[in-house]
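Coordinates as given in run.txt (compact mmCIF, C-alpha atoms):
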```txt
# COMPACT_ATOMS: atom_id res chain seq x y z
CA MET A 1274 -4.98 -48.38 -60.32
CA VAL A 1275 -2.10 -46.02 -61.17
CA LEU A 1276 0.51 -47.26 -63.63
CA SER A 1277 4.12 -46.21 -63.07
CA SER A 1278 4.30 -44.80 -66.60
CA ASP A 1279 1.58 -42.33 -65.59
CA VAL A 1280 3.51 -41.10 -62.54
CA HIS A 1281 5.36 -37.78 -62.39
CA ASN A 1282 6.87 -36.67 -59.08
CA GLY A 1283 4.36 -38.54 -56.94
CA GLN A 1284 1.31 -37.51 -58.99
CA THR A 1285 -0.45 -39.01 -61.97
CA SER A 1286 -1.01 -37.05 -65.15
CA GLY A 1287 -4.53 -36.51 -63.80
CA GLY A 1288 -3.16 -34.83 -60.65
CA GLU A 1289 -3.87 -37.73 -58.28
CA PHE A 1290 -1.26 -38.56 -55.67
CA THR A 1291 0.53 -41.87 -56.20
CA HIS A 1292 1.81 -42.54 -52.69
CA PHE A 1293 -1.27 -44.71 -52.18
CA ASN A 1294 -1.91 -48.17 -53.55
CA GLU A 1295 -5.25 -49.40 -54.92
CA GLN A 1296 -6.32 -50.21 -51.33
CA GLY A 1297 -5.72 -46.60 -50.28
CA ARG A 1298 -2.66 -47.53 -48.22
CA ALA A 1299 0.62 -45.64 -48.27
CA ARG A 1300 3.38 -46.90 -50.55
CA MET A 1301 6.76 -45.78 -51.77
CA VAL A 1302 6.57 -44.78 -55.44
CA ASP A 1303 8.34 -47.22 -57.78
CA ILE A 1304 11.10 -45.29 -59.57
CA SER A 1305 12.72 -48.28 -61.27
CA GLY A 1306 11.59 -47.14 -64.74
CA LYS A 1307 12.90 -43.60 -64.36
CA GLU A 1308 16.13 -42.39 -65.94
CA ALA A 1309 19.00 -41.31 -63.68
CA THR A 1310 19.84 -37.62 -64.04
CA VAL A 1311 21.91 -35.08 -62.14
CA ARG A 1312 19.69 -33.59 -59.42
CA LYS A 1313 20.23 -30.56 -57.22
CA ALA A 1314 18.06 -28.85 -54.62
CA VAL A 1315 18.61 -25.78 -52.48
CA ALA A 1316 16.58 -25.18 -49.31
CA VAL A 1317 16.76 -22.25 -46.93
CA SER A 1318 15.78 -21.59 -43.35
CA LYS A 1319 16.63 -19.04 -40.70
CA VAL A 1320 16.86 -18.66 -36.97
CA THR A 1321 15.79 -15.34 -35.47
CA MET A 1322 17.27 -14.52 -32.08
CA ALA A 1323 18.17 -11.68 -29.76
CA PRO A 1324 21.12 -9.54 -30.89
CA ALA A 1325 23.07 -10.72 -27.80
CA THR A 1326 22.65 -14.36 -28.85
CA LEU A 1327 23.93 -13.69 -32.37
CA GLU A 1328 26.84 -11.77 -30.89
CA ALA A 1329 27.68 -14.70 -28.58
CA ILE A 1330 27.62 -17.09 -31.57
CA ARG A 1331 29.84 -14.81 -33.65
CA GLU A 1332 32.31 -14.38 -30.78
CA GLY A 1333 32.42 -18.11 -29.94
CA ARG A 1334 30.97 -17.64 -26.44
CA ILE A 1335 28.41 -20.47 -26.53
CA GLY A 1336 29.32 -23.06 -23.91
CA LYS A 1337 28.54 -26.08 -26.11
CA GLY A 1338 31.13 -25.12 -28.73
CA ASP A 1339 31.29 -23.73 -32.26
CA VAL A 1340 27.60 -23.39 -33.09
CA LEU A 1341 27.90 -23.09 -36.86
CA ALA A 1342 30.45 -25.91 -37.18
CA VAL A 1343 28.18 -28.28 -35.27
CA ALA A 1344 25.08 -27.08 -37.19
CA GLN A 1345 26.93 -27.69 -40.46
CA ILE A 1346 27.68 -31.29 -39.49
CA ALA A 1347 24.06 -31.76 -38.32
CA GLY A 1348 22.78 -30.48 -41.66
CA ILE A 1349 25.00 -32.90 -43.58
CA GLN A 1350 23.94 -35.79 -41.36
CA GLY A 1351 20.30 -34.79 -41.75
CA ALA A 1352 20.55 -34.87 -45.54
CA LYS A 1353 22.17 -38.31 -45.44
CA LYS A 1354 19.51 -39.72 -43.08
CA THR A 1355 16.38 -38.18 -44.65
CA SER A 1356 14.87 -41.53 -45.65
CA ASP A 1357 15.13 -42.65 -42.01
CA TRP A 1358 12.85 -39.76 -40.98
CA ILE A 1359 10.52 -39.20 -43.94
CA PRO A 1360 8.67 -42.49 -44.58
CA MET A 1361 8.16 -42.29 -48.35
CA CYS A 1362 11.62 -40.94 -49.23
CA HIS A 1363 13.95 -43.24 -51.11
CA PRO A 1364 17.42 -43.78 -49.62
CA LEU A 1365 19.78 -41.89 -51.92
CA ALA A 1366 23.49 -41.91 -52.63
CA LEU A 1367 24.22 -38.20 -52.27
CA THR A 1368 27.12 -36.81 -54.25
CA GLY A 1369 27.37 -33.54 -52.33
CA VAL A 1370 25.95 -31.60 -49.40
CA ASP A 1371 26.94 -27.99 -48.68
CA ILE A 1372 25.58 -25.98 -45.75
CA ARG A 1373 26.25 -22.23 -45.70
CA PHE A 1374 25.42 -19.63 -43.08
CA HIS A 1375 24.95 -15.89 -43.35
CA ASP A 1376 23.81 -13.47 -40.70
CA ASN A 1377 22.27 -10.03 -40.93
CA GLY A 1378 24.61 -8.65 -38.25
CA VAL A 1379 21.66 -8.05 -35.93
CA ASP A 1380 19.36 -10.95 -35.07
CA GLU A 1381 19.18 -13.61 -37.80
CA ILE A 1382 21.22 -16.50 -39.11
CA GLN A 1383 20.21 -17.63 -42.58
CA ILE A 1384 20.90 -21.23 -43.60
CA GLU A 1385 21.32 -22.44 -47.17
CA ALA A 1386 21.54 -26.18 -47.82
CA THR A 1387 22.54 -27.46 -51.26
CA VAL A 1388 22.22 -31.18 -51.96
CA LYS A 1389 23.25 -33.04 -55.12
CA THR A 1390 22.95 -36.56 -56.49
CA GLU A 1391 22.85 -38.44 -59.74
CA GLY A 1392 19.81 -40.63 -59.53
CA LYS A 1393 16.20 -41.44 -60.33
CA THR A 1394 14.54 -39.14 -57.79
CA GLY A 1395 15.10 -35.62 -56.54
CA VAL A 1396 16.80 -34.31 -53.43
CA GLU A 1397 14.31 -31.67 -52.33
CA MET A 1398 13.50 -33.47 -49.09
CA GLU A 1399 17.20 -33.97 -48.34
CA ALA A 1400 17.85 -30.23 -48.76
CA LEU A 1401 14.84 -29.31 -46.59
CA THR A 1402 15.93 -31.80 -43.93
CA ALA A 1403 19.49 -30.45 -43.99
CA ALA A 1404 18.31 -26.85 -43.52
CA SER A 1405 15.93 -27.92 -40.75
CA ALA A 1406 18.55 -29.99 -38.90
CA ALA A 1407 21.02 -27.09 -39.03
CA ALA A 1408 18.38 -24.66 -37.69
CA LEU A 1409 17.36 -27.05 -34.90
CA THR A 1410 21.00 -27.52 -33.93
CA ILE A 1411 21.53 -23.76 -33.68
CA TYR A 1412 18.50 -23.63 -31.39
CA ASP A 1413 19.74 -26.56 -29.30
CA MET A 1414 23.19 -25.10 -28.83
CA CYS A 1415 21.87 -21.67 -27.84
CA LYS A 1416 18.74 -22.53 -25.85
CA ALA A 1417 20.49 -22.06 -22.50
CA LEU A 1418 21.05 -18.42 -23.50
CA GLN A 1419 17.67 -17.86 -25.18
CA LYS A 1420 14.56 -20.05 -25.35
CA ASP A 1421 12.34 -17.83 -27.53
CA MET A 1422 14.35 -18.06 -30.76
CA ILE A 1423 12.21 -18.54 -33.87
CA ILE A 1424 12.99 -21.08 -36.58
CA GLY A 1425 11.74 -20.52 -40.11
CA PRO A 1426 10.39 -20.14 -42.56
CA THR A 1427 12.02 -23.18 -44.13
CA MET A 1428 11.44 -23.58 -47.85
CA LEU A 1429 12.66 -25.03 -51.10
CA GLN A 1430 14.55 -22.30 -52.95
CA SER A 1431 15.30 -24.20 -56.16
CA LYS A 1432 15.63 -27.62 -57.74
CA SER A 1433 17.00 -28.87 -61.01
CA GLY A 1434 17.08 -32.15 -62.86
CA GLY A 1435 14.49 -34.79 -63.41
CA LYS A 1436 11.47 -35.22 -65.60
CA ASN A 1437 9.53 -32.30 -64.10
CA GLY A 1438 12.28 -29.78 -64.81
CA ASP A 1439 13.57 -26.89 -62.80
CA PHE A 1440 11.96 -24.83 -60.04
CA ASN A 1441 13.14 -21.45 -58.78
CA ARG A 1442 11.34 -19.53 -56.06
```

Rewrite the structure from the file as structure tokens, please.
Amino acid sequence: MVLSSDVHNGQTSGGEFTHFNEQGRARMVDISGKEATVRKAVAVSKVTMAPATLEAIREGRIGKGDVLAVAQIAGIQGAKKTSDWIPMCHPLALTGVDIRFHDNGVDEIQIEATVKTEGKTGVEMEALTAASAAALTIYDMCKALQKDMIIGPTMLQSKSGGKNGDFNR
């Protein structure tokens, strides 16, 4: 049996995962004993496409509308709804979500999702979900023009706050 005082970020001090109860069944980790701290996570992804597709996005020639504006809203919604999609994620009161886009001028759109909260658990999954939702939305809005776009890699870039400290890729 794993005691909550032995739990750090879903693992015991012995390295065992804690998302399982003593019967070996999945459970949401109890965070009631943890201290609330300011938490921030940044995740990145990218969509690789044909130069003509990127040009159409930049010039506003995609029939479904402003691709990056819609992808930005999708990323924010994704962050807010992460616990609806990822079974063991706690529902969180997010204090900020920022989605930024950059392109290489040729064939890639890079996505950076920053998510913040003040709470008892981190926002890594919310940032990863936001970046993923934005990338999927770019694909959805442009698929009539190009079906072989590539999404990814998607990864955690950094996180701060919490008992386990900071992470920077």

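Contact shell of Gly1336 in chain A at 10 Å (all atoms listed in the file; same-chain neighbours under 2 positions omitted): Ala1329, Ile1330, Gly1333, Arg1334, Gly1338, Asp1339, Val1340, Met1414, Cys1415, Ala1417 and Leu1418 of chain A.
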
List as a ChimeraX atom specification the protein and nucleic acid residues near range 1421-1432 of chain A, meaning an atom at most 9 Å away when all atoms listed in the file are counted, but skip any in the same chain fewer than 4 places from it. /A:1312-1323,1385,1395-1398,1400-1401,1404-1405,1408-1409,1412,1415-1416,1438-1442

Nearby residues (all atoms listed in the file) at most 7 Å from Gly1392 in chain A, same-chain spacing under 6 positions excluded, as a ChimeraX atom specification: /A:1309-1311

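The closest residue to Ile1346 in chain A, picked from A:Gln1419, A:Gln1383, A:Thr1410, A:Asn1437 and counting only C-alpha atoms, is A:Thr1410.
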
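Nearest residue to Arg1373 in chain A, choosing from A:Thr1390, A:Ser1356, A:Gln1345, A:Ser1433 and counting all atoms listed in the file: A:Gln1345.
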
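When CA of Ile1411 in chain A is paired with CA of Ala1366 in chain A, their separation reads 26.3 Å.
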
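When all atoms listed in the file are used to measure the gap to Lys1389 in chain A, the shortest distance among A:Ala1299, A:Val1370, A:Ala1347, A:Leu1341 belongs to A:Val1370.
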
Rounded to one decimal in Å, what is the spacing between CA of Glu1328 in chain A and CA of Asp1376 in chain A? 10.4 Å

Go through A:Lys1337, A:His1363, A:Arg1331, A:Lys1436 one by one, measure the shortest atom-to-atom distance of each to Arg1300 in chain A using only C-alpha atoms, and give the residue with the smallest value. A:His1363

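Each of A:Lys1420, A:Gly1297, A:Ala1325, A:Thr1402 was checked against Gln1350 in chain A using only C-alpha atoms; the smallest atom-to-atom distance is that of A:Thr1402.
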
Straight-line distance linking CA of His1292 in chain A with CA of Ala1406 in chain A, stated in Å to one decimal: 25.1 Å

Missing atoms in range 1346-1357 of chain A need filling: write out all heavy atoms for it as a PDB file, keeping the file's coordinate frame.
```pdb
ATOM      1  N   ILE A1346      27.611 -29.825 -39.542  1.00  0.00           N
ATOM      2  CA  ILE A1346      27.680 -31.290 -39.490  1.00  0.00           C
ATOM      3  C   ILE A1346      26.271 -31.880 -39.338  1.00  0.00           C
ATOM      4  O   ILE A1346      25.920 -32.864 -40.006  1.00  0.00           O
ATOM      5  CB  ILE A1346      28.572 -31.766 -38.317  1.00  0.00           C
ATOM      6  CG1 ILE A1346      30.000 -31.271 -38.490  1.00  0.00           C
ATOM      7  CG2 ILE A1346      28.518 -33.288 -38.162  1.00  0.00           C
ATOM      8  CD1 ILE A1346      30.721 -31.811 -39.677  1.00  0.00           C
ATOM      9  N   ALA A1347      25.436 -31.270 -38.500  1.00  0.00           N
ATOM     10  CA  ALA A1347      24.060 -31.760 -38.320  1.00  0.00           C
ATOM     11  C   ALA A1347      23.286 -31.687 -39.627  1.00  0.00           C
ATOM     12  O   ALA A1347      22.528 -32.609 -39.960  1.00  0.00           O
ATOM     13  CB  ALA A1347      23.349 -30.942 -37.238  1.00  0.00           C
ATOM     14  N   GLY A1348      23.463 -30.615 -40.382  1.00  0.00           N
ATOM     15  CA  GLY A1348      22.780 -30.480 -41.660  1.00  0.00           C
ATOM     16  C   GLY A1348      23.208 -31.564 -42.644  1.00  0.00           C
ATOM     17  O   GLY A1348      22.372 -32.158 -43.340  1.00  0.00           O
ATOM     18  N   ILE A1349      24.492 -31.838 -42.689  1.00  0.00           N
ATOM     19  CA  ILE A1349      25.000 -32.900 -43.580  1.00  0.00           C
ATOM     20  C   ILE A1349      24.443 -34.250 -43.141  1.00  0.00           C
ATOM     21  O   ILE A1349      23.959 -35.033 -43.964  1.00  0.00           O
ATOM     22  CB  ILE A1349      26.541 -32.892 -43.599  1.00  0.00           C
ATOM     23  CG1 ILE A1349      27.045 -31.616 -44.282  1.00  0.00           C
ATOM     24  CG2 ILE A1349      27.088 -34.140 -44.291  1.00  0.00           C
ATOM     25  CD1 ILE A1349      28.533 -31.344 -44.098  1.00  0.00           C
ATOM     26  N   GLN A1350      24.483 -34.526 -41.846  1.00  0.00           N
ATOM     27  CA  GLN A1350      23.940 -35.790 -41.360  1.00  0.00           C
ATOM     28  C   GLN A1350      22.442 -35.894 -41.638  1.00  0.00           C
ATOM     29  O   GLN A1350      21.951 -36.963 -42.001  1.00  0.00           O
ATOM     30  CB  GLN A1350      24.181 -35.933 -39.853  1.00  0.00           C
ATOM     31  CG  GLN A1350      25.613 -36.239 -39.501  1.00  0.00           C
ATOM     32  CD  GLN A1350      25.799 -36.389 -37.999  1.00  0.00           C
ATOM     33  OE1 GLN A1350      25.191 -35.688 -37.203  1.00  0.00           O
ATOM     34  NE2 GLN A1350      26.665 -37.311 -37.619  1.00  0.00           N
ATOM     35  N   GLY A1351      21.732 -34.792 -41.479  1.00  0.00           N
ATOM     36  CA  GLY A1351      20.300 -34.790 -41.750  1.00  0.00           C
ATOM     37  C   GLY A1351      19.991 -35.145 -43.191  1.00  0.00           C
ATOM     38  O   GLY A1351      19.094 -35.949 -43.477  1.00  0.00           O
ATOM     39  N   ALA A1352      20.751 -34.552 -44.118  1.00  0.00           N
ATOM     40  CA  ALA A1352      20.550 -34.870 -45.540  1.00  0.00           C
ATOM     41  C   ALA A1352      20.783 -36.350 -45.793  1.00  0.00           C
ATOM     42  O   ALA A1352      19.997 -36.998 -46.494  1.00  0.00           O
ATOM     43  CB  ALA A1352      21.487 -34.026 -46.407  1.00  0.00           C
ATOM     44  N   LYS A1353      21.830 -36.902 -45.207  1.00  0.00           N
ATOM     45  CA  LYS A1353      22.170 -38.310 -45.440  1.00  0.00           C
ATOM     46  C   LYS A1353      21.148 -39.262 -44.830  1.00  0.00           C
ATOM     47  O   LYS A1353      20.983 -40.378 -45.307  1.00  0.00           O
ATOM     48  CB  LYS A1353      23.555 -38.592 -44.846  1.00  0.00           C
ATOM     49  CG  LYS A1353      24.677 -37.920 -45.622  1.00  0.00           C
ATOM     50  CD  LYS A1353      26.008 -37.905 -44.893  1.00  0.00           C
ATOM     51  CE  LYS A1353      26.483 -39.234 -44.438  1.00  0.00           C
ATOM     52  NZ  LYS A1353      27.828 -39.204 -43.839  1.00  0.00           N
ATOM     53  N   LYS A1354      20.442 -38.841 -43.801  1.00  0.00           N
ATOM     54  CA  LYS A1354      19.510 -39.720 -43.080  1.00  0.00           C
ATOM     55  C   LYS A1354      18.040 -39.382 -43.365  1.00  0.00           C
ATOM     56  O   LYS A1354      17.152 -39.871 -42.670  1.00  0.00           O
ATOM     57  CB  LYS A1354      19.765 -39.605 -41.570  1.00  0.00           C
ATOM     58  CG  LYS A1354      21.106 -40.154 -41.137  1.00  0.00           C
ATOM     59  CD  LYS A1354      21.130 -41.640 -41.290  1.00  0.00           C
ATOM     60  CE  LYS A1354      22.342 -42.252 -40.626  1.00  0.00           C
ATOM     61  NZ  LYS A1354      22.307 -43.700 -40.704  1.00  0.00           N
ATOM     62  N   THR A1355      17.761 -38.607 -44.387  1.00  0.00           N
ATOM     63  CA  THR A1355      16.380 -38.180 -44.650  1.00  0.00           C
ATOM     64  C   THR A1355      15.424 -39.350 -44.777  1.00  0.00           C
ATOM     65  O   THR A1355      14.322 -39.316 -44.221  1.00  0.00           O
ATOM     66  CB  THR A1355      16.334 -37.300 -45.918  1.00  0.00           C
ATOM     67  OG1 THR A1355      17.121 -36.122 -45.669  1.00  0.00           O
ATOM     68  CG2 THR A1355      14.918 -36.894 -46.270  1.00  0.00           C
ATOM     69  N   SER A1356      15.798 -40.402 -45.470  1.00  0.00           N
ATOM     70  CA  SER A1356      14.870 -41.530 -45.650  1.00  0.00           C
ATOM     71  C   SER A1356      14.586 -42.254 -44.345  1.00  0.00           C
ATOM     72  O   SER A1356      13.600 -42.982 -44.248  1.00  0.00           O
ATOM     73  CB  SER A1356      15.404 -42.504 -46.704  1.00  0.00           C
ATOM     74  OG  SER A1356      16.587 -43.133 -46.251  1.00  0.00           O
ATOM     75  N   ASP A1357      15.414 -42.063 -43.327  1.00  0.00           N
ATOM     76  CA  ASP A1357      15.130 -42.650 -42.010  1.00  0.00           C
ATOM     77  C   ASP A1357      14.023 -41.887 -41.290  1.00  0.00           C
ATOM     78  O   ASP A1357      13.385 -42.420 -40.387  1.00  0.00           O
ATOM     79  CB  ASP A1357      16.383 -42.638 -41.124  1.00  0.00           C
ATOM     80  CG  ASP A1357      17.443 -43.620 -41.585  1.00  0.00           C
ATOM     81  OD1 ASP A1357      17.133 -44.499 -42.417  1.00  0.00           O
ATOM     82  OD2 ASP A1357      18.587 -43.507 -41.124  1.00  0.00           O
TER      83      ASP A1357
END
```
